[in-house]
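Participant: What follows is upload08.pdb, made up of PDB, C-alpha atoms, pLDDT in the B column:
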```pdb
ATOM      1  CA  MET V1343       8.172  -2.541  31.143  1.00 61.00           C
ATOM      2  CA  ASP V1344      10.863  -0.720  29.175  1.00 87.00           C
ATOM      3  CA  PHE V1345      10.439  -3.006  26.165  1.00 89.00           C
ATOM      4  CA  GLN V1346       6.661  -2.551  26.338  1.00 89.00           C
ATOM      5  CA  LYS V1347       7.101   1.234  26.412  1.00 91.00           C
ATOM      6  CA  LEU V1348       9.513   0.949  23.490  1.00 92.00           C
ATOM      7  CA  ALA V1349       6.869  -0.976  21.523  1.00 92.00           C
ATOM      8  CA  GLN V1350       4.384   1.791  22.260  1.00 91.00           C
ATOM      9  CA  TYR V1351       6.757   4.467  20.960  1.00 93.00           C
ATOM     10  CA  GLN V1352       7.607   2.388  17.898  1.00 95.00           C
ATOM     11  CA  ILE V1353       3.954   1.959  16.923  1.00 94.00           C
ATOM     12  CA  GLN V1354       3.348   5.676  17.397  1.00 92.00           C
ATOM     13  CA  LEU V1355       6.319   6.419  15.152  1.00 95.00           C
ATOM     14  CA  ALA V1356       4.952   3.889  12.655  1.00 94.00           C
ATOM     15  CA  GLN V1357       1.702   5.860  12.590  1.00 93.00           C
ATOM     16  CA  MET V1358       3.662   9.054  11.934  1.00 94.00           C
ATOM     17  CA  MET V1359       5.522   7.353   9.073  1.00 94.00           C
ATOM     18  CA  ARG V1360       2.219   6.153   7.624  1.00 92.00           C
ATOM     19  CA  ASN V1361       0.822   9.691   7.830  1.00 93.00           C
ATOM     20  CA  HIS V1362       3.835  10.888   5.796  1.00 93.00           C
ATOM     21  CA  ASN V1363       3.472   8.077   3.228  1.00 90.00           C
ATOM     22  CA  GLN V1364       6.690   6.410   4.412  1.00 91.00           C
ATOM     23  CA  PHE V1365       5.142   2.955   4.135  1.00 89.00           C
ATOM     24  CA  HIS V1366       8.330   0.879   4.254  1.00 88.00           C
ATOM     25  CA  ASN V1367       9.513   2.707   7.386  1.00 91.00           C
ATOM     26  CA  CYS V1368       6.078   2.113   8.885  1.00 93.00           C
ATOM     27  CA  LEU V1369       6.432  -1.613   8.181  1.00 92.00           C
ATOM     28  CA  VAL V1370       9.897  -1.703   9.780  1.00 93.00           C
ATOM     29  CA  LEU V1371       8.597   0.040  12.914  1.00 95.00           C
ATOM     30  CA  CYS V1372       5.645  -2.381  13.167  1.00 95.00           C
ATOM     31  CA  ASP V1373       8.116  -5.259  13.027  1.00 92.00           C
ATOM     32  CA  ARG V1374      10.310  -3.677  15.689  1.00 92.00           C
ATOM     33  CA  ALA V1375       7.286  -2.972  17.935  1.00 94.00           C
ATOM     34  CA  MET V1376       6.135  -6.589  17.831  1.00 92.00           C
ATOM     35  CA  PHE V1377       9.618  -7.885  18.605  1.00 90.00           C
ATOM     36  CA  SER V1378       9.985  -5.337  21.423  1.00 91.00           C
ATOM     37  CA  MET V1379       6.786  -6.703  22.957  1.00 90.00           C
ATOM     38  CA  ALA V1380       8.094 -10.262  22.566  1.00 89.00           C
ATOM     39  CA  LYS V1381      11.230  -9.166  24.413  1.00 88.00           C
ATOM     40  CA  ALA V1382       9.047  -7.645  27.134  1.00 88.00           C
ATOM     41  CA  ILE V1383       7.290 -10.994  27.547  1.00 86.00           C
ATOM     42  CA  TYR V1384      10.637 -12.786  27.703  1.00 85.00           C
ATOM     43  CA  VAL V1385      11.950 -10.441  30.409  1.00 86.00           C
ATOM     44  CA  HIS V1386       8.666 -10.644  32.310  1.00 85.00           C
ATOM     45  CA  ARG V1387       8.680 -14.446  32.333  1.00 83.00           C
ATOM     46  CA  ASN V1388      12.373 -15.007  32.982  1.00 81.00           C
ATOM     47  CA  GLN V1389      13.121 -11.948  35.126  1.00 84.00           C
ATOM     48  CA  VAL V1390      16.394 -11.458  33.286  1.00 81.00           C
ATOM     49  CA  ILE V1391      17.567  -9.276  30.403  1.00 79.00           C
ATOM     50  CA  PRO V1392      19.990 -11.228  28.187  1.00 74.00           C
ATOM     51  CA  SER V1393      22.883  -9.387  26.553  1.00 71.00           C
ATOM     52  CA  SER V1394      21.401 -10.087  23.111  1.00 74.00           C
ATOM     53  CA  PHE V1395      18.057 -11.245  21.772  1.00 73.00           C
ATOM     54  CA  ASN V1396      17.720 -13.609  18.846  1.00 77.00           C
ATOM     55  CA  LEU V1397      14.182 -14.910  18.670  1.00 73.00           C
ATOM     56  CA  SER V1398      13.410 -17.578  16.091  1.00 74.00           C
ATOM     57  CA  VAL V1399       9.890 -18.488  14.998  1.00 73.00           C
ATOM     58  CA  THR V1400      10.041 -21.481  17.353  1.00 76.00           C
ATOM     59  CA  ASP V1401      11.177 -19.214  20.205  1.00 77.00           C
ATOM     60  CA  LEU V1402       8.308 -16.831  19.480  1.00 78.00           C
ATOM     61  CA  LEU V1403       5.759 -19.628  19.460  1.00 76.00           C
ATOM     62  CA  ARG V1404       7.058 -20.996  22.765  1.00 78.00           C
ATOM     63  CA  LEU V1405       7.162 -17.495  24.243  1.00 78.00           C
ATOM     64  CA  ILE V1406       3.632 -16.415  23.363  1.00 77.00           C
ATOM     65  CA  HIS V1407       1.928 -19.800  23.466  1.00 72.00           C
ATOM     66  CA  LYS V1408      -1.437 -19.532  25.159  1.00 66.00           C
ATOM     67  CA  ASN V1409      -3.854 -21.365  22.955  1.00 54.00           C
ATOM     68  CA  ALA V1410      -2.488 -22.891  19.799  1.00 49.00           C
ATOM     69  CA  GLU V1411      -4.641 -21.182  17.179  1.00 52.00           C
ATOM     70  CA  SER V1412      -4.278 -17.552  18.278  1.00 72.00           C
ATOM     71  CA  SER V1413      -0.590 -17.959  19.158  1.00 77.00           C
ATOM     72  CA  LEU V1414       0.163 -19.488  15.795  1.00 79.00           C
ATOM     73  CA  ASP V1415      -1.726 -16.657  14.100  1.00 85.00           C
ATOM     74  CA  ILE V1416       0.316 -14.042  15.976  1.00 86.00           C
ATOM     75  CA  VAL V1417       3.638 -15.748  15.244  1.00 86.00           C
ATOM     76  CA  LEU V1418       2.713 -16.191  11.580  1.00 86.00           C
ATOM     77  CA  PHE V1419       1.832 -12.497  11.267  1.00 90.00           C
ATOM     78  CA  MET V1420       5.043 -11.421  13.026  1.00 89.00           C
ATOM     79  CA  SER V1421       7.130 -13.710  10.824  1.00 86.00           C
ATOM     80  CA  THR V1422       5.448 -12.476   7.658  1.00 87.00           C
ATOM     81  CA  VAL V1423       6.058  -8.826   8.510  1.00 89.00           C
ATOM     82  CA  HIS V1424       9.656  -9.628   9.423  1.00 85.00           C
ATOM     83  CA  TYR V1425      10.111 -11.456   6.113  1.00 86.00           C
ATOM     84  CA  LEU V1426       8.665  -8.543   4.143  1.00 83.00           C
ATOM     85  CA  ILE V1427      11.132  -6.049   5.575  1.00 85.00           C
ATOM     86  CA  SER V1428      14.119  -8.386   5.315  1.00 80.00           C
ATOM     87  CA  ARG V1429      13.815  -9.132   1.610  1.00 73.00           C
ATOM     88  CA  GLU V1430      16.782  -7.560  -0.130  1.00 51.00           C
ATOM     89  CA  GLU V1431      14.916  -6.403  -3.210  1.00 50.00           C
ATOM     90  CA  CYS V1432      12.044  -5.226  -1.004  1.00 54.00           C
ATOM     91  CA  ALA V1433       9.556  -4.941  -3.847  1.00 50.00           C
ATOM     92  CA  SER V1434       6.940  -3.778  -1.336  1.00 49.00           C
ATOM     93  CA  LYS V1435       8.618  -0.355  -0.951  1.00 56.00           C
ATOM     94  CA  GLY V1436       6.828   1.116  -3.934  1.00 61.00           C
ATOM     95  CA  THR V1437       3.745  -1.044  -4.171  1.00 75.00           C
ATOM     96  CA  MET V1438       2.139  -0.741  -0.737  1.00 79.00           C
ATOM     97  CA  LYS V1439      -1.224   1.002  -0.653  1.00 85.00           C
ATOM     98  CA  PRO V1440      -2.376   3.225   2.222  1.00 88.00           C
ATOM     99  CA  GLU V1441      -5.295   0.863   2.939  1.00 91.00           C
ATOM    100  CA  GLU V1442      -2.934  -2.097   3.264  1.00 89.00           C
ATOM    101  CA  VAL V1443      -0.655  -0.159   5.587  1.00 89.00           C
ATOM    102  CA  ASP V1444      -3.658   0.861   7.705  1.00 92.00           C
ATOM    103  CA  LYS V1445      -4.676  -2.787   8.053  1.00 92.00           C
ATOM    104  CA  LEU V1446      -1.139  -3.751   8.976  1.00 91.00           C
ATOM    105  CA  LEU V1447      -0.973  -0.998  11.611  1.00 92.00           C
ATOM    106  CA  TYR V1448      -4.334  -1.995  13.049  1.00 92.00           C
ATOM    107  CA  ARG V1449      -3.377  -5.687  13.202  1.00 93.00           C
ATOM    108  CA  THR V1450      -0.017  -4.881  14.800  1.00 94.00           C
ATOM    109  CA  ASP V1451      -1.721  -2.679  17.376  1.00 92.00           C
ATOM    110  CA  HIS V1452      -4.244  -5.427  18.132  1.00 90.00           C
ATOM    111  CA  ILE V1453      -1.450  -7.969  18.659  1.00 90.00           C
ATOM    112  CA  LEU V1454       0.489  -5.609  20.929  1.00 90.00           C
ATOM    113  CA  LYS V1455      -2.604  -5.075  23.078  1.00 89.00           C
ATOM    114  CA  ARG V1456      -3.217  -8.838  23.360  1.00 86.00           C
ATOM    115  CA  LEU V1457       0.372  -9.577  24.300  1.00 86.00           C
ATOM    116  CA  SER V1458       0.481  -6.771  26.840  1.00 87.00           C
ATOM    117  CA  ARG V1459      -2.649  -8.079  28.575  1.00 82.00           C
ATOM    118  CA  ARG V1460      -0.872 -11.404  29.066  1.00 79.00           C
ATOM    119  CA  MET V1461       1.857  -9.699  31.084  1.00 80.00           C
ATOM    120  CA  VAL V1462       0.140  -6.894  32.945  1.00 74.00           C
ATOM    121  CA  ALA V1463      -3.172  -7.149  34.779  1.00 67.00           C
ATOM    122  CA  ASP V1464      -3.516  -3.419  35.518  1.00 72.00           C
ATOM    123  CA  PRO V1465      -5.071  -1.704  32.440  1.00 72.00           C
ATOM    124  CA  ALA V1466      -3.271   1.545  33.303  1.00 74.00           C
ATOM    125  CA  MET V1467       0.086  -0.226  32.886  1.00 77.00           C
ATOM    126  CA  GLN V1468      -0.780  -2.096  29.680  1.00 76.00           C
ATOM    127  CA  TYR V1469       0.268  -1.106  26.190  1.00 79.00           C
ATOM    128  CA  ASN V1470      -2.144   1.407  24.718  1.00 75.00           C
ATOM    129  CA  SER V1471      -1.518   3.051  21.347  1.00 68.00           C
ATOM    130  CA  GLU V1472      -3.823   5.908  22.221  1.00 66.00           C
ATOM    131  CA  LYS V1473      -1.752   7.114  25.150  1.00 51.00           C
ATOM    132  CA  GLY V1474       1.805   8.309  25.097  1.00 45.00           C
ATOM    133  CA  ASP V1475       3.945  11.335  24.661  1.00 42.00           C
ATOM    134  CA  ILE V1476       3.753  11.536  20.869  1.00 41.00           C
ATOM    135  CA  GLY V1477      -0.018  11.841  20.715  1.00 41.00           C
ATOM    136  CA  TYR V1478      -0.836   9.782  17.634  1.00 44.00           C
ATOM    137  CA  GLY V1479      -3.666   7.302  17.971  1.00 49.00           C
ATOM    138  CA  LEU V1480      -4.448   4.477  15.604  1.00 52.00           C
ATOM    139  CA  LYS V1481      -7.707   4.528  13.712  1.00 52.00           C
ATOM    140  CA  THR V1482      -9.684   1.422  12.880  1.00 48.00           C
ATOM    141  CA  PRO V1483      -9.482   0.761   9.106  1.00 50.00           C
TER
END
```
As a first step, turn the structure in this file into C-alpha coordinates.
Facilitator:
Amino acid sequence: MDFQKLAQYQIQLAQMMRNHNQFHNCLVLCDRAMFSMAKAIYVHRNQVIPSSFNLSVTDLLRLIHKNAESSLDIVLFMSTVHYLISREECASKGTMKPEEVDKLLYRTDHILKRLSRRMVADPAMQYNSEKGDIGYGLKTP
(Lines of atoms letter the chains of each structure in order from A and count residues from 1; the text may use other names and numbers.)
(Lines give C-alpha, C1' and ligand atoms only; values in the text may rest on other atoms or scores of the structure.)
Protein backbone atom coordinates (compact mmCIF):
# COMPACT_ATOMS: atom_id res chain seq x y z
CA MET A 1 0.00 0.00 0.00
CA ASP A 2 2.95 2.35 0.45
CA PHE A 3 3.62 2.49 -3.29
CA GLN A 4 -0.07 3.13 -3.94
CA LYS A 5 -0.04 5.98 -1.41
CA LEU A 6 3.12 7.32 -3.05
CA ALA A 7 1.34 7.32 -6.42
CA GLN A 8 -1.50 9.28 -4.86
CA TYR A 9 0.87 11.91 -3.48
CA GLN A 10 2.75 12.11 -6.77
CA ILE A 11 -0.41 12.77 -8.78
CA GLN A 12 -1.48 15.43 -6.29
CA LEU A 13 1.92 17.08 -6.63
CA ALA A 14 1.57 16.81 -10.42
CA GLN A 15 -1.70 18.73 -10.15
CA MET A 16 0.05 21.41 -8.09
CA MET A 17 2.80 21.66 -10.72
CA ARG A 18 0.17 21.98 -13.45
CA ASN A 19 -1.56 24.75 -11.49
CA HIS A 20 1.78 26.62 -11.39
CA ASN A 21 2.44 26.07 -15.12
CA GLN A 22 5.33 23.70 -14.39
CA PHE A 23 4.26 21.35 -17.17
CA HIS A 24 7.47 19.32 -17.48
CA ASN A 25 7.53 18.67 -13.72
CA CYS A 26 3.89 17.65 -13.96
CA LEU A 27 4.78 15.15 -16.70
CA VAL A 28 7.64 13.72 -14.61
CA LEU A 29 5.34 13.27 -11.60
CA CYS A 30 2.69 11.55 -13.75
CA ASP A 31 5.36 9.13 -14.95
CA ARG A 32 6.54 8.48 -11.40
CA ALA A 33 2.95 7.95 -10.17
CA MET A 34 2.23 5.33 -12.82
CA PHE A 35 5.46 3.47 -12.08
CA SER A 36 4.76 3.66 -8.34
CA MET A 37 1.41 1.99 -8.96
CA ALA A 38 3.11 -0.67 -11.09
CA LYS A 39 5.47 -1.30 -8.18
CA ALA A 40 2.47 -1.57 -5.86
CA ILE A 41 0.99 -4.24 -8.13
CA TYR A 42 4.31 -6.09 -8.20
CA VAL A 43 4.57 -6.09 -4.39
CA HIS A 44 0.92 -7.07 -4.05
CA ARG A 45 1.29 -10.04 -6.39
CA ASN A 46 4.68 -11.28 -5.23
CA GLN A 47 4.49 -10.31 -1.55
CA VAL A 48 8.09 -9.14 -1.67
CA ILE A 49 9.82 -5.78 -2.09
CA PRO A 50 12.95 -6.18 -4.25
CA SER A 51 16.00 -4.04 -3.49
CA SER A 52 15.63 -2.29 -6.85
CA PHE A 53 12.93 -2.00 -9.49
CA ASN A 54 13.67 -1.99 -13.20
CA LEU A 55 10.47 -2.51 -15.12
CA SER A 56 10.72 -2.91 -18.89
CA VAL A 57 7.76 -2.56 -21.24
CA THR A 58 7.52 -6.36 -21.34
CA ASP A 59 7.58 -6.49 -17.52
CA LEU A 60 4.82 -3.88 -17.38
CA LEU A 61 2.66 -5.77 -19.85
CA ARG A 62 3.09 -9.02 -17.92
CA LEU A 63 2.43 -7.23 -14.63
CA ILE A 64 -0.79 -5.47 -15.59
CA HIS A 65 -2.12 -7.98 -18.10
CA LYS A 66 -5.83 -8.46 -17.64
CA ASN A 67 -7.34 -8.26 -21.07
CA ALA A 68 -4.99 -7.64 -23.94
CA GLU A 69 -6.46 -4.46 -25.40
CA SER A 70 -6.78 -2.35 -22.24
CA SER A 71 -3.47 -3.61 -20.81
CA LEU A 72 -1.65 -2.79 -24.01
CA ASP A 73 -3.24 0.66 -24.02
CA ILE A 74 -2.08 1.31 -20.45
CA VAL A 75 1.47 0.08 -21.11
CA LEU A 76 1.67 2.11 -24.32
CA PHE A 77 0.56 5.27 -22.50
CA MET A 78 3.02 4.67 -19.64
CA SER A 79 5.86 4.04 -22.09
CA THR A 80 5.03 7.14 -24.11
CA VAL A 81 5.02 9.38 -21.05
CA HIS A 82 8.27 7.81 -19.87
CA TYR A 83 9.82 8.39 -23.30
CA LEU A 84 8.72 12.03 -23.33
CA ILE A 85 10.43 12.82 -20.04
CA SER A 86 13.58 10.85 -20.85
CA ARG A 87 14.41 12.60 -24.10
CA GLU A 88 17.59 14.58 -23.57
CA GLU A 89 16.57 17.59 -25.62
CA CYS A 90 13.09 17.44 -24.08
CA ALA A 91 11.50 19.69 -26.68
CA SER A 92 8.18 19.32 -24.86
CA LYS A 93 9.34 21.56 -21.97
CA GLY A 94 8.34 24.74 -23.74
CA THR A 95 5.68 23.54 -26.12
CA MET A 96 3.14 21.82 -23.88
CA LYS A 97 -0.26 23.48 -23.67
CA PRO A 98 -2.39 23.55 -20.51
CA GLU A 99 -5.15 21.58 -22.28
CA GLU A 100 -2.71 18.83 -23.22
CA VAL A 101 -1.38 18.65 -19.68
CA ASP A 102 -4.95 18.45 -18.34
CA LYS A 103 -5.67 15.50 -20.64
CA LEU A 104 -2.46 13.80 -19.57
CA LEU A 105 -3.32 14.29 -15.88
CA TYR A 106 -6.84 12.98 -16.39
CA ARG A 107 -5.61 9.92 -18.31
CA THR A 108 -2.94 9.19 -15.70
CA ASP A 109 -5.51 9.49 -12.92
CA HIS A 110 -7.87 7.15 -14.79
CA ILE A 111 -5.11 4.55 -15.20
CA LEU A 112 -4.13 4.77 -11.53
CA LYS A 113 -7.74 4.18 -10.49
CA ARG A 114 -8.05 1.15 -12.80
CA LEU A 115 -4.82 -0.39 -11.57
CA SER A 116 -5.71 0.20 -7.93
CA ARG A 117 -9.06 -1.56 -8.36
CA ARG A 118 -7.18 -4.63 -9.57
CA MET A 119 -5.32 -4.85 -6.27
CA VAL A 120 -7.76 -3.64 -3.64
CA ALA A 121 -11.41 -4.63 -3.39
CA ASP A 122 -12.31 -2.15 -0.63
CA PRO A 123 -13.08 1.26 -2.25
CA ALA A 124 -11.92 3.06 0.91
CA MET A 125 -8.43 1.58 0.45
CA GLN A 126 -8.17 2.21 -3.30
CA TYR A 127 -6.27 5.03 -4.95
CA ASN A 128 -8.39 8.15 -5.13
CA SER A 129 -6.99 11.46 -6.40
CA GLU A 130 -9.72 13.38 -4.63
CA LYS A 131 -8.69 12.28 -1.16
CA GLY A 132 -5.40 12.86 0.54
CA ASP A 133 -3.52 15.26 2.71
CA ILE A 134 -2.65 17.78 0.01
CA GLY A 135 -6.23 18.52 -0.97
CA TYR A 136 -5.93 18.92 -4.74
CA GLY A 137 -8.49 17.08 -6.83
CA LEU A 138 -8.29 16.44 -10.53
CA LYS A 139 -10.87 18.00 -12.80
CA THR A 140 -12.22 16.31 -15.89
CA PRO A 141 -10.89 18.12 -19.01
Participant: Measure the distance from CA of Asp1451 in chain V to CA of Ser1393 in chain V in Å and round it to one decimal.
Facilitator: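 For CA of Asp1451 in chain V relative to CA of Ser1393 in chain V, the distance reads 27.1 Å.
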Participant: Let me know the residues the PyMOL selection byres ((chain V and resi 1397) around 12) catches in the file above, as a list in words.
Facilitator: Met1376, Phe1377, Ser1378, Met1379, Ala1380, Lys1381, Ile1383, Tyr1384, Pro1392, Ser1394, Phe1395, Asn1396, Ser1398, Val1399, Thr1400, Asp1401, Leu1402, Leu1403, Arg1404, Leu1405, Ile1406, Val1417, Met1420, Ser1421 and His1424 of chain V
Participant: Which residue, V:Phe1345, V:Tyr1351, V:Val1443, V:Arg1449, has the smallest gap to His1386 in chain V when you use all atoms listed in the file?
Facilitator: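 Ranked by minimum distance to His1386 in chain V, first place goes to V:Phe1345.
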Participant: Quick one: distance from CA of Ser1412 in chain V to CA of Gln1468 in chain V in Å, one decimal?
Facilitator: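 Between CA of Ser1412 in chain V and CA of Gln1468 in chain V the gap is 19.5 Å.
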Participant: Please measure the separation of CA of Thr1422 in chain V and CA of Gln1389 in chain V, giving the value in Å to one decimal.
Facilitator: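 Taking CA of Thr1422 in chain V and CA of Gln1389 in chain V, their separation equals 28.5 Å.
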Participant: Hey, which of V:Arg1360, V:Lys1439, V:Lys1455, V:Lys1445 ends up closest to Gln1346 in chain V? Count only C-alpha atoms.
Facilitator: V:Lys1455
Participant: Centre and edge lengths, as AutoDock Vina command-line options, for the axis-aligned box enclosing every listed atom of range 1386-1398 of chain V with 8 Å of padding on each of the six sides, in Å to one decimal?
Facilitator:
```
--center_x 15.8 --center_y -13.4 --center_z 25.6 --size_x 30.2 --size_y 24.3 --size_z 35.0
```
Participant: In file coordinates, which residues lie within 9 Å of (0.8, -4.3, 21.7) using only C-alpha atoms, given as a list in words?
Facilitator: Gln1346, Ala1349, Gln1350, Ile1353, Ala1375, Met1376, Met1379, Thr1450, Asp1451, His1452, Ile1453, Leu1454, Lys1455, Arg1456, Leu1457, Ser1458, Arg1459, Gln1468, Tyr1469, Asn1470 and Ser1471 of chain V
Participant: Using all atoms listed in the file, which of V:Met1438, V:Leu1348, V:Ala1382, V:Met1359 sits nearest Val1462 in chain V?
Facilitator: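 The answer is V:Ala1382, which sits nearest to Val1462 in chain V.
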Participant: Go through V:Leu1447, V:Val1390, V:Ile1416, V:Val1423 one by one, measure the shortest atom-to-atom distance of each to Leu1355 in chain V using only C-alpha atoms, and give the residue with the smallest value.
Facilitator: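 Answer, going by the shortest atom-to-atom distance: V:Leu1447.
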Participant: Using only C-alpha atoms, which of the listed residues (V:Ile1391, V:Leu1446, V:Leu1418, V:Ala1466) sits closest to His1366 in chain V?
Facilitator: V:Leu1446
Participant: Please return range 1352-1382 of chain V, rebuilt to N, CA and C atoms, as an mmCIF file, in the coordinates of the input.
Facilitator:
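Writing the result to selection_15.cif gives the following:
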```
data_model
loop_
_atom_site.group_PDB
_atom_site.id
_atom_site.type_symbol
_atom_site.label_atom_id
_atom_site.label_comp_id
_atom_site.auth_asym_id
_atom_site.auth_seq_id
_atom_site.Cartn_x
_atom_site.Cartn_y
_atom_site.Cartn_z
ATOM 1 N N GLN V 1352 7.370 2.828 19.271
ATOM 2 C CA GLN V 1352 7.607 2.388 17.898
ATOM 3 C C GLN V 1352 6.324 2.380 17.078
ATOM 4 N N ILE V 1353 5.207 1.976 17.686
ATOM 5 C CA ILE V 1353 3.954 1.959 16.923
ATOM 6 C C ILE V 1353 3.462 3.386 16.678
ATOM 7 N N GLN V 1354 3.715 4.277 17.606
ATOM 8 C CA GLN V 1354 3.348 5.676 17.397
ATOM 9 C C GLN V 1354 4.185 6.297 16.284
ATOM 10 N N LEU V 1355 5.462 5.952 16.249
ATOM 11 C CA LEU V 1355 6.319 6.419 15.152
ATOM 12 C C LEU V 1355 5.892 5.797 13.828
ATOM 13 N N ALA V 1356 5.462 4.541 13.870
ATOM 14 C CA ALA V 1356 4.952 3.889 12.655
ATOM 15 C C ALA V 1356 3.746 4.646 12.116
ATOM 16 N N GLN V 1357 2.867 5.082 13.017
ATOM 17 C CA GLN V 1357 1.702 5.860 12.590
ATOM 18 C C GLN V 1357 2.137 7.179 11.951
ATOM 19 N N MET V 1358 3.144 7.811 12.524
ATOM 20 C CA MET V 1358 3.662 9.054 11.934
ATOM 21 C C MET V 1358 4.220 8.794 10.532
ATOM 22 N N MET V 1359 4.958 7.693 10.385
ATOM 23 C CA MET V 1359 5.522 7.353 9.073
ATOM 24 C C MET V 1359 4.406 7.087 8.067
ATOM 25 N N ARG V 1360 3.355 6.415 8.504
ATOM 26 C CA ARG V 1360 2.219 6.153 7.624
ATOM 27 C C ARG V 1360 1.576 7.471 7.191
ATOM 28 N N ASN V 1361 1.432 8.391 8.133
ATOM 29 C CA ASN V 1361 0.822 9.691 7.830
ATOM 30 C C ASN V 1361 1.650 10.508 6.836
ATOM 31 N N HIS V 1362 2.944 10.204 6.733
ATOM 32 C CA HIS V 1362 3.835 10.888 5.796
ATOM 33 C C HIS V 1362 4.162 10.016 4.586
ATOM 34 N N ASN V 1363 3.333 8.989 4.373
ATOM 35 C CA ASN V 1363 3.472 8.077 3.228
ATOM 36 C C ASN V 1363 4.829 7.383 3.168
ATOM 37 N N GLN V 1364 5.438 7.157 4.306
ATOM 38 C CA GLN V 1364 6.690 6.410 4.412
ATOM 39 C C GLN V 1364 6.337 4.967 4.795
ATOM 40 N N PHE V 1365 5.740 4.248 3.852
ATOM 41 C CA PHE V 1365 5.142 2.955 4.135
ATOM 42 C C PHE V 1365 6.169 1.886 4.534
ATOM 43 N N HIS V 1366 7.322 1.873 3.886
ATOM 44 C CA HIS V 1366 8.330 0.879 4.254
ATOM 45 C C HIS V 1366 8.830 1.131 5.681
ATOM 46 N N ASN V 1367 9.076 2.382 6.019
ATOM 47 C CA ASN V 1367 9.513 2.707 7.386
ATOM 48 C C ASN V 1367 8.440 2.328 8.404
ATOM 49 N N CYS V 1368 7.200 2.510 8.029
ATOM 50 C CA CYS V 1368 6.078 2.113 8.885
ATOM 51 C C CYS V 1368 6.122 0.610 9.127
ATOM 52 N N LEU V 1369 6.352 -0.158 8.080
ATOM 53 C CA LEU V 1369 6.432 -1.613 8.181
ATOM 54 C C LEU V 1369 7.589 -2.039 9.093
ATOM 55 N N VAL V 1370 8.734 -1.398 8.943
ATOM 56 C CA VAL V 1370 9.897 -1.703 9.780
ATOM 57 C C VAL V 1370 9.574 -1.427 11.249
ATOM 58 N N LEU V 1371 8.927 -0.307 11.530
ATOM 59 C CA LEU V 1371 8.597 0.040 12.914
ATOM 60 C C LEU V 1371 7.546 -0.903 13.503
ATOM 61 N N CYS V 1372 6.614 -1.376 12.687
ATOM 62 C CA CYS V 1372 5.645 -2.381 13.167
ATOM 63 C C CYS V 1372 6.374 -3.654 13.561
ATOM 64 N N ASP V 1373 7.314 -4.076 12.724
ATOM 65 C CA ASP V 1373 8.116 -5.259 13.027
ATOM 66 C C ASP V 1373 8.881 -5.070 14.337
ATOM 67 N N ARG V 1374 9.533 -3.953 14.480
ATOM 68 C CA ARG V 1374 10.310 -3.677 15.689
ATOM 69 C C ARG V 1374 9.407 -3.616 16.925
ATOM 70 N N ALA V 1375 8.210 -3.063 16.794
ATOM 71 C CA ALA V 1375 7.286 -2.972 17.935
ATOM 72 C C ALA V 1375 6.854 -4.356 18.397
ATOM 73 N N MET V 1376 6.552 -5.238 17.445
ATOM 74 C CA MET V 1376 6.135 -6.589 17.831
ATOM 75 C C MET V 1376 7.276 -7.354 18.496
ATOM 76 N N PHE V 1377 8.491 -7.202 17.984
ATOM 77 C CA PHE V 1377 9.618 -7.885 18.605
ATOM 78 C C PHE V 1377 9.986 -7.262 19.946
ATOM 79 N N SER V 1378 9.770 -5.967 20.113
ATOM 80 C CA SER V 1378 9.985 -5.337 21.423
ATOM 81 C C SER V 1378 9.011 -5.908 22.448
ATOM 82 N N MET V 1379 7.766 -6.128 22.037
ATOM 83 C CA MET V 1379 6.786 -6.703 22.957
ATOM 84 C C MET V 1379 7.146 -8.157 23.279
ATOM 85 N N ALA V 1380 7.651 -8.886 22.302
ATOM 86 C CA ALA V 1380 8.094 -10.262 22.566
ATOM 87 C C ALA V 1380 9.246 -10.254 23.577
ATOM 88 N N LYS V 1381 10.135 -9.299 23.445
ATOM 89 C CA LYS V 1381 11.230 -9.166 24.413
ATOM 90 C C LYS V 1381 10.689 -8.833 25.799
ATOM 91 N N ALA V 1382 9.665 -7.990 25.846
ATOM 92 C CA ALA V 1382 9.047 -7.645 27.134
ATOM 93 C C ALA V 1382 8.474 -8.898 27.794
#
```
